[in-house]
Structures are given as structure tokens and as C-alpha cells.
Amino acid sequence: MITAIREVRRAKGLTLEDVAARCDPPTTAQQIGRLELGTRTVSVAWLNRIAPALGVTAADLVQLPERPDLPVAAVLDTDGAHAPRRTELLTPPAIQPGQVAVTVTAGVGDYRAGDALWCIPLAPDAFGEAMNRDVLVPRPGGRFAFGRLIGREDGRVQLLPPGPGSRQQVVTDPAWVARVATLVRAL
């Protein structure tokens, strides 16, 4: 199995020792090195152990032909754009089960026409994770509400829509809310 353990580790500026110490339970730098080089077989258990140590999902560590990596051509910082010091690759995000998207057809608030919002659904017991974040909320009759989650009490969620001068919306007992996790904007 071809993995991106080394690329992700280097992109995050971590040493073999750093990753080994962050694993649960900890392992040795030599073991991480063997897994990176492919001299030891990488099992799903190893991927599930190393991924949290790198702050990614196990799927982000597996290189699949249908999910090509994107080469980094330049790094932008306060000194301007310059070539990366070493070859860097970015892996496109993996879609999570149940994830939904919102497309923006007319600019409203911070969003522009053509934007795509990738949203992660949350069950009612996890609504707190979306507090002060933009969310999509289902309403009766196949309609939706969208806005910043500003409060929740007694089964009701309160949203502040993104447009200026908009009034607060209240949705009672939604089955789920979908927190905006990724903004994809074409330039």
C-alpha cells in the first residue's frame, strides 16, 4: 500500500520522533521510518494510530489513483510568493459520510456567487459544536434555514442569517444541523 505518511509529516514540520511520541500508544522513530519507506507493511491499525498523531484522517494517508495529489507550486507568506524548499503535495479533502453541500448563487454576507460550502451534519446532542458557526438547518416542508447558530434552548435553535439587516430565525426541534466545514471558492 502506498501511503503519504512521509509527505504529511514533512508538510506539518514534524520529525519521526515527534510522530512516534504522538502515537497512542507511543512507538519508535525507527518504526515510523519503516512504515514511511514501505519496508514494513502498513496495516489499517497502523494508519488509525498514525493519523491522529499527524492531525489527519487515515484516508488522508492513503494514496489512491482516483484521488490524485495536487503539487504545491509556490508558498505565499509575508515576503511574497516563492518556490517551496522541497517538493510538497496536498491531498484533496475526503468526503465524510453524510456530508452535504450548499451552493451559493447570489452573494450574501461573506459568501459570493459560485461558492460551495461543504457541511458536516450533527445530531441534536452535538449542536454545541456548531455554536457561533454557519449552519444549514432543515425546516418542515422540505425547506431550509441558513445562518450563524447563535443560541439553542428547549429544542429550538436560533440563527442569524448572513445578509445585512436580516432578522433572527428560530427553528423548533430540527433533526440535524449541518455545520459549514469547508468553503470552496473559485477565483
# chains A, B, ... in the order shown; residues from 1 in each chain; ligands from 1
>>> residues_around(residues="A:Arg167", least_positions_apart="4", cutoff="12 Å", atoms="only C-alpha atoms", output="list in words")
Gly147, Arg148, Gln158, Leu159, Leu160, Pro161, Pro162 and Gly163 of chain A
>>> residues_around(residues="A:Leu117", least_positions_apart="3", cutoff="7 Å", atoms="only C-alpha atoms", output="count of residues only")
7
>>> closest_residue(among="A:Arg10, A:Arg34, A:Arg139, A:Arg22", to="A:Arg156", atoms="only C-alpha atoms")
A:Arg139
>>> select_by_dssp(residues="chain A", states="strand (DSSP E)", output="ChimeraX atom specification")
/A:70-71,75-77,80-82,89-90,100-103,116-122,134-139,143-153,156-160,169-172,177-184
>>> closest_residue(among="A:Thr57, A:Thr41, A:Gln99, A:Gln30", to="A:Asp18", atoms="only C-alpha atoms")
A:Gln30
>>> closest_residue(among="A:Ile32, A:Val177, A:Val170, A:Leu37", to="A:Cys119", atoms="only C-alpha atoms")
A:Val177
>>> residues_around(residues="A:Ala73", least_positions_apart="3", cutoff="9 Å", atoms="only C-alpha atoms", output="count of residues only")
5
>>> atom_distance(atom1="atom CA of A:Arg179", atom2="atom CA of A:Val157")
13.1 Å
>>> residues_around(residues="A:Asp125", least_positions_apart="5", cutoff="12 Å", atoms="only C-alpha atoms", output="PyMOL selection string")
chain A and resi 130+152+155+173-177
>>> write_last_selection(atoms="N, CA, C and O atoms", output="JSON list (two decimals), in the first residue's frame")
[["chain", "number", "residue", "atom", "x", "y", "z"],
["A", 130, "ALA", "N", -21.44, 23.47, 16.87],
["A", 130, "ALA", "CA", -21.67, 24.42, 15.79],
["A", 130, "ALA", "C", -21.99, 25.83, 16.29],
["A", 130, "ALA", "O", -22.27, 26.71, 15.49],
["A", 152, "ARG", "N", -29.37, 28.06, 21.41],
["A", 152, "ARG", "CA", -30.22, 26.87, 21.40],
["A", 152, "ARG", "C", -30.77, 26.69, 22.80],
["A", 152, "ARG", "O", -30.04, 26.79, 23.79],
["A", 155, "GLY", "N", -35.01, 22.77, 22.72],
["A", 155, "GLY", "CA", -35.23, 22.15, 21.41],
["A", 155, "GLY", "C", -35.27, 23.12, 20.26],
["A", 155, "GLY", "O", -35.50, 22.72, 19.13],
["A", 173, "ASP", "N", -37.03, 22.02, 17.11],
["A", 173, "ASP", "CA", -36.73, 20.58, 17.04],
["A", 173, "ASP", "C", -36.20, 20.10, 15.68],
["A", 173, "ASP", "O", -36.74, 19.16, 15.09],
["A", 174, "PRO", "N", -35.12, 20.71, 15.16],
["A", 174, "PRO", "CA", -34.57, 20.18, 13.91],
["A", 174, "PRO", "C", -33.94, 18.80, 14.15],
["A", 174, "PRO", "O", -33.37, 18.55, 15.22],
["A", 175, "ALA", "N", -34.05, 17.93, 13.18],
["A", 175, "ALA", "CA", -33.49, 16.58, 13.30],
["A", 175, "ALA", "C", -31.96, 16.62, 13.27],
["A", 175, "ALA", "O", -31.29, 15.75, 13.83],
["A", 176, "TRP", "N", -31.42, 17.63, 12.61],
["A", 176, "TRP", "CA", -29.97, 17.79, 12.49],
["A", 176, "TRP", "C", -29.66, 19.22, 12.10],
["A", 176, "TRP", "O", -30.54, 19.96, 11.69],
["A", 177, "VAL", "N", -28.41, 19.60, 12.27],
["A", 177, "VAL", "CA", -27.88, 20.83, 11.67],
["A", 177, "VAL", "C", -26.60, 20.42, 10.97],
["A", 177, "VAL", "O", -25.94, 19.47, 11.37]]
>>> atom_distance(atom1="atom CA of A:Tyr111", atom2="atom CA of A:Ala145")
15.4 Å
>>> atom_distance(atom1="atom CA of A:Ala178", atom2="atom CA of A:Leu122")
5.8 Å
>>> residues_around(residues="A:Leu89", least_positions_apart="6", cutoff="8 Å", atoms="only C-alpha atoms", output="PyMOL selection string")
chain A and resi 7+69-72
